[in-house]
Structures are given as structure tokens and as C-alpha cells.
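Below is one structure, written out as C-alpha cells; the observations come after it.
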Amino acid sequence: MNPYLKRLVWPLGVLVVLIVVNIAITGFDFLIPGVQDGRLNGAFVNILRRSAPLLIIALGMTLVIATKGIDLSVGAVYAIGAAVACQWISGPNENSVGTVLVAVALALAVAAAIGAWNGTMVARFGIQPIVATLILMIAGRGIAQLITGGQIPNVADTSPFVELGRGAILTVPVPIVIAAAVLTALAVLTRRTALGMLLESVGGNPEASRLAGIRAKGITVLVYLVCGLCAGLAGIIGAANLGSADANNGGLWIELDAILAVVIGGTALLGGRFFLLGTTIGVAIIGTLEVTIINVGLSSQWQFTAKAIVVLAVALLQSPEFRAWTLRPLRRTPAVEGTGR
């Protein structure tokens, strides 16, 4: 079996098990979508729609982790992107398409600039990724509060902005369409060009990459920029869905879910090989797991414990050493020739 596909077998198997459990409890309506008010509707479709911001962030995080980095600031950048967009839109011209376009462009530009700053701190100044991004993780929400003046700016339901979170294109919810577009774009850039190989080279051995003539610092800055851009886009979608921007709670702890999704999907935190499709499956597992907890009758307090159990299970199943250890008692010791045993 292709090593890439082999890496996805266990996460995909866990996702299938979760889906089967939900079907057993709620019936096939869990998986089969319907159309309501001009857009696809159903339990699994809603999971995908709610998980779209997390998927976008997790895809950016995958590229960062591929370079042996980490970005803890994505939750704060999510809040900043939402704050910039809603603060610009809220006002007398909030129903103007031009105002919405400018707000989205400005929010994405700010998020990209923050990502580039993180990358510069890591690549140019040699600061450890966890420290460089922890700074903005702490300060970012304060920046978002300064942008909104400590208030929660609201956007009217009549504004075109809310369509980014609640609208549909050919019955498919817009957040799903945007997330699919981001996944497709990153997959093409990393698997149809040399960028993917360069990322794996930088993550596998930065010094050897530098000696081979690869501009490792530039690539590092680029992936952090992309990760910041993804976080800002996710914040825009989240704010559009709610019609407001909450600097305190918007995207809170989403960085942890993003890292979990990347790890579940088979990308190693040590850098090197990365799996965008695996990350997508990881996000689907997290979203489905949250619904499963409710469907089986457990309280929401089980959410973090259940996530930890699933991550542990997938990590152990992906480990050849663990699988060999568990199967060892089932293997018979071969008979030694001539001994009759």
C-alpha cells in the first residue's frame, strides 16, 4: 500500500466508527443530507459547516508544523480578523458590497502581516516558534479589544457580510465551499509544485536544506504568513456566522484543536512529511466526536477527555511498534527444525 494512504487508514477508520455510532443512535438521517431554505442541511453537513473555520486554520498549521514549527497565535489572529472586519463594516454602509469587500481585504491583510511577523521572528531572529507565537497568543486578544474599543461590534442580518457564514452556493453552505477551496489551493501548491518538497526538506533538515541552496528562511516566513492568512479568514467566517466579533471568546483555544487535527491526521510534530488530507480527516473526527458525545447522552464536560482519548487511540494505532507489541502474543514461535517443536 502507498505509504501516504497507509498513514490515513487509521484516522479514516476512527471517523467511520464515529459515523456508524451516530447512525446507530439517530438513524441514516445523520449522514444523508436534505435541502432546506435553499441549502443542504443535515447533521453531518452541519458538522462540516461548523468545522470549516477549524479546517482552514488546521491546514495552515499543517504547513507550519511541516517546517518543524508551531503557531499558538492562530486563535488570537482569528479574533483580530473578526474584529477588523466587523469594526469596519458596522455603521451606516454595512449593507454595501464595497464596504464588505474592503473589510474582508483589510482583515486578511492584517492577519497576513501578523503571520509574516511570526515567521520573521522565527526565521530571521532565531526565536523558538512556541515563544514567538506565544507572545501574540497573549497580546493578540488585547489588540482585538483595542480595535473594537472593548465592545462587541454587530453586523446587521441584511449585510452581505453574513452570507460568508450563513449563505449557500448551489445549496452548499459557503463556509464549506471556502474551506474546500483553501484545501484545493494548498494541495495544488504543495503537491503539484516544488513547494511541498521544499517544505519537507526544510522541516526534515534545515541545515542541509540551507547548504543545498534552499531559502529556508524565506519558506519559513511564507508558511507562517499563510497560517496567519488562514486564521484571519477563519475569523471572518466565524464573525459572519454570528454577525458579531467577540474579542474575548472568538476562536478561543482553536489553536489546540488545530494542532490535534494535524496530529490525528498523521503529520509529525518533528517536521518533514505532512498530510493535508489527513488533517481534513482529523478535523472531521473532532467535529463528529463533539456531536457523538451529545448523541450518546454524555455531558459536554466529557469533550476534552474524549478528544484526548481519540488522539491517544489514533497515535497508538499509527505506531508500528505498538501494533507489533499488541500482536506479539498472537504470533506463534516457529518450530526449530529437528527438535519436533
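Chain labels A, B, ... are given in the sequence in which chains occur in the C-alpha cells; within each chain residues are numbered consecutively from 1, and ligands are likewise numbered from 1 in the order shown.
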
Can you list, as a short mmCIF file (atom, residue, chain, number, x, y, z; two decimals) with all heavy atoms, in the first residue's frame, all residues belonging to segment 52-289 of chain A that DSSP tags as strand (DSSP E or B)?
data_model
loop_
_atom_site.label_atom_id
_atom_site.label_comp_id
_atom_site.auth_asym_id
_atom_site.auth_seq_id
_atom_site.Cartn_x
_atom_site.Cartn_y
_atom_site.Cartn_z
N ASN A 154 -21.56 44.63 16.08
CA ASN A 154 -22.56 43.77 15.44
C ASN A 154 -22.77 44.19 13.99
O ASN A 154 -22.64 45.37 13.64
CB ASN A 154 -23.89 43.85 16.20
CG ASN A 154 -23.78 43.31 17.61
OD1 ASN A 154 -23.33 42.19 17.81
ND2 ASN A 154 -24.16 44.10 18.60
N ALA A 168 -25.23 30.16 0.92
CA ALA A 168 -25.02 28.90 0.20
C ALA A 168 -24.77 29.19 -1.26
O ALA A 168 -25.28 30.17 -1.82
CB ALA A 168 -26.21 27.97 0.36
N ILE A 169 -23.96 28.33 -1.88
CA ILE A 169 -23.68 28.38 -3.31
C ILE A 169 -24.12 27.06 -3.91
O ILE A 169 -23.54 26.00 -3.58
CB ILE A 169 -22.19 28.64 -3.59
CG1 ILE A 169 -21.75 29.98 -3.00
CG2 ILE A 169 -21.92 28.60 -5.10
CD1 ILE A 169 -20.27 30.26 -3.17
N VAL A 172 -24.82 24.43 -1.39
CA VAL A 172 -23.70 24.07 -0.50
C VAL A 172 -23.36 25.27 0.38
O VAL A 172 -23.13 26.36 -0.14
CB VAL A 172 -22.46 23.64 -1.30
CG1 VAL A 172 -21.32 23.26 -0.35
CG2 VAL A 172 -22.80 22.49 -2.22
N PRO A 173 -23.34 25.12 1.71
CA PRO A 173 -23.01 26.24 2.59
C PRO A 173 -21.69 26.89 2.22
O PRO A 173 -20.71 26.20 1.91
CB PRO A 173 -22.95 25.59 3.98
CG PRO A 173 -23.87 24.41 3.88
CD PRO A 173 -23.71 23.90 2.47
N SER A 244 -21.23 39.13 14.52
CA SER A 244 -20.55 39.95 15.51
C SER A 244 -19.14 39.42 15.72
O SER A 244 -18.80 38.32 15.25
CB SER A 244 -21.31 39.96 16.84
OG SER A 244 -21.36 38.65 17.38
#

Report the closest atom pair, with its distance in Å rounded to one decimal, for each residue of segment 3-28 of chain A that has an atom no farther than 8 Å from segment 276-290 of chain A; count only C-alpha atoms, sort by chain and then rising residue number, and write it as a Markdown table.
| residue | atom | partner | partner_atom | distance |
| --- | --- | --- | --- | --- |
| A:Leu8 | CA | A:Gly278 | CA | 5.9 |
| A:Pro11 | CA | A:Ile281 | CA | 6.7 |
| A:Leu12 | CA | A:Ile281 | CA | 6.6 |
| A:Val14 | CA | A:Ile285 | CA | 7.4 |
| A:Leu15 | CA | A:Ile285 | CA | 5.4 |
| A:Leu18 | CA | A:Thr288 | CA | 6.8 |
| A:Ile19 | CA | A:Thr288 | CA | 7.4 |

Residue set, segment 80-292 of chain A restricted to alpha helix (DSSP H), as a ChimeraX atom specification: /A:80-89,97-123,129-148,163-166,174-191,195-204,206-211,216-242,254-264,276-292

Point-to-point distance in Å for atom CA of Ala308 of chain A and atom CA of Asp29 of chain A: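 Taking atom CA of Asp29 of chain A and atom CA of Ala308 of chain A, their separation equals 28.0 Å.
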
Near-segment 228-238 of chain A list (7 Å; only C-alpha atoms; drop same-chain fewer than 4 positions) as a list of chain:residue names: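 What passes the distance filter is A:Pro53, A:Ile56, A:Ile57, A:Gly60, A:Val74, A:Val77, A:Tyr78, A:Ala79, A:Gly81, A:Ala82, A:Ala85, A:Ala107, A:Leu108, A:Ala111, A:Ala112, A:Ile114, A:Gly115, A:Leu164, A:Gly165, A:Pro175, A:Tyr224, A:Leu242.
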
For segment 252-254 of chain A: contacts at 8 Å, only C-alpha atoms, fewer than 5 positions along chain excluded, given as a list in words: Leu54, Val74, Gly75 and Ala76 of chain A

Counting only C-alpha atoms, the residue of A:Asn41, A:Thr292, A:Gln145, A:Thr120 that sits nearest Val17 of chain A: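 Among A:Asn41, A:Thr292, A:Gln145, A:Thr120, it is A:Thr292 that comes nearest to Val17 of chain A.
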